[in-house]
Amino acid sequence: EARWVMTKDVRTVHPETPALEAALILRSHTIGCVPVIDDARLIGMLTDSDFVEYAIQSLSDPGA
């Protein structure tokens, strides 16, 4: 059963959570993703890969 292996103390963020704050949550809790919730409803997952992609795009854009 999934309940035996699932995380019970889930860290979450909201769509308005600053990206830096979300990144710090991932790092400080050594987790690879965090659910994004709005009105107690799951609307997405923010992953460490999302931050890698963001860094690649930011570093590749000479106007950034």
# chains A, B, ... in the order shown; residues from 1 in each chain; ligands from 1
$ residues_around --residues "A:Asp48" --least-positions-apart "6" --cutoff "8 Å" --atoms "only C-alpha atoms" --output "JSON list (two decimals) with N, CA, C and O atoms, in the first residue's frame"
[["chain", "number", "residue", "atom", "x", "y", "z"],
["A", 23, "ALA", "N", 13.26, 27.27, -4.23],
["A", 23, "ALA", "CA", 14.55, 26.60, -4.40],
["A", 23, "ALA", "C", 15.19, 26.31, -3.04],
["A", 23, "ALA", "O", 15.76, 25.23, -2.83],
["A", 26, "LEU", "N", 13.58, 23.25, -1.51],
["A", 26, "LEU", "CA", 14.10, 22.01, -2.10],
["A", 26, "LEU", "C", 15.46, 21.67, -1.49],
["A", 26, "LEU", "O", 15.71, 20.53, -1.11],
["A", 32, "GLY", "N", 13.54, 16.61, -4.20],
["A", 32, "GLY", "CA", 13.66, 16.87, -5.63],
["A", 32, "GLY", "C", 12.46, 17.55, -6.25],
["A", 32, "GLY", "O", 12.52, 18.00, -7.39],
["A", 33, "CYS", "N", 11.36, 17.63, -5.50],
["A", 33, "CYS", "CA", 10.18, 18.29, -6.03],
["A", 33, "CYS", "C", 9.28, 18.76, -4.90],
["A", 33, "CYS", "O", 9.39, 18.27, -3.77]]
$ select_by_dssp --residues "stretch 24-60 of chain A" --states "helix (DSSP H, G or I)" --output "NGL selection string"
:A and (24-28 or 48-60)
$ write_last_selection --atoms "N, CA, C and O atoms" --output "short mmCIF file (atom, residue, chain, number, x, y, z; two decimals), in the first residue's frame"
data_model
loop_
_atom_site.label_atom_id
_atom_site.label_comp_id
_atom_site.auth_asym_id
_atom_site.auth_seq_id
_atom_site.Cartn_x
_atom_site.Cartn_y
_atom_site.Cartn_z
N LEU A 24 15.07 27.24 -2.12
CA LEU A 24 15.63 27.03 -0.78
C LEU A 24 14.90 25.92 -0.04
O LEU A 24 15.52 25.16 0.73
N ILE A 25 13.62 25.78 -0.26
CA ILE A 25 12.86 24.67 0.34
C ILE A 25 13.39 23.34 -0.19
O ILE A 25 13.64 22.40 0.58
N LEU A 26 13.58 23.25 -1.51
CA LEU A 26 14.10 22.01 -2.10
C LEU A 26 15.46 21.67 -1.49
O LEU A 26 15.71 20.53 -1.11
N ARG A 27 16.33 22.67 -1.41
CA ARG A 27 17.69 22.42 -0.92
C ARG A 27 17.71 22.10 0.57
O ARG A 27 18.36 21.16 1.00
N SER A 28 17.00 22.88 1.36
CA SER A 28 17.08 22.69 2.81
C SER A 28 16.46 21.38 3.28
O SER A 28 16.86 20.84 4.32
N ASP A 48 13.47 20.07 -9.15
CA ASP A 48 14.83 20.59 -9.25
C ASP A 48 15.24 20.73 -10.72
O ASP A 48 15.97 21.66 -11.08
N SER A 49 14.71 19.89 -11.59
CA SER A 49 14.99 20.01 -13.03
C SER A 49 14.42 21.30 -13.61
O SER A 49 15.00 21.87 -14.54
N ASP A 50 13.31 21.78 -13.06
CA ASP A 50 12.75 23.06 -13.50
C ASP A 50 13.74 24.19 -13.24
O ASP A 50 13.90 25.10 -14.06
N PHE A 51 14.43 24.12 -12.10
CA PHE A 51 15.41 25.15 -11.77
C PHE A 51 16.65 25.05 -12.65
O PHE A 51 17.23 26.06 -13.02
N VAL A 52 17.04 23.83 -13.00
CA VAL A 52 18.17 23.66 -13.92
C VAL A 52 17.81 24.26 -15.27
O VAL A 52 18.60 24.99 -15.87
N GLU A 53 16.61 23.99 -15.76
CA GLU A 53 16.16 24.54 -17.04
C GLU A 53 16.13 26.07 -16.98
O GLU A 53 16.56 26.75 -17.91
N TYR A 54 15.63 26.61 -15.87
CA TYR A 54 15.58 28.06 -15.69
C TYR A 54 16.99 28.65 -15.71
O TYR A 54 17.23 29.68 -16.36
N ALA A 55 17.93 27.99 -15.04
CA ALA A 55 19.31 28.47 -15.02
C ALA A 55 19.92 28.44 -16.43
O ALA A 55 20.58 29.39 -16.84
N ILE A 56 19.67 27.37 -17.16
CA ILE A 56 20.20 27.24 -18.53
C ILE A 56 19.65 28.37 -19.40
O ILE A 56 20.41 29.03 -20.13
N GLN A 57 18.34 28.61 -19.32
CA GLN A 57 17.75 29.67 -20.12
C GLN A 57 18.26 31.05 -19.72
O GLN A 57 18.58 31.88 -20.56
N SER A 58 18.39 31.27 -18.42
CA SER A 58 18.87 32.57 -17.93
C SER A 58 20.32 32.81 -18.32
O SER A 58 20.70 33.92 -18.72
N LEU A 59 21.15 31.79 -18.23
CA LEU A 59 22.56 31.93 -18.56
C LEU A 59 22.80 32.01 -20.07
O LEU A 59 23.80 32.55 -20.51
N SER A 60 21.86 31.46 -20.84
CA SER A 60 21.99 31.49 -22.30
C SER A 60 21.48 32.78 -22.90
O SER A 60 21.80 33.12 -24.04
#
$ select_by_dssp --residues "chain A" --states "strand (DSSP E or B)" --output "PyMOL selection string"
chain A and resi 13+33-38+41-47
$ atom_distance --atom1 "atom CA of A:His29" --atom2 "atom CA of A:Glu16"
20.1 Å
$ closest_residue --among "A:Met45, A:Ala2, A:Val36, A:Thr30" --to "A:His14" --atoms "only C-alpha atoms"
A:Val36
$ atom_distance --atom1 "atom CA of A:Ala40" --atom2 "atom CA of A:Val13"
10.7 Å
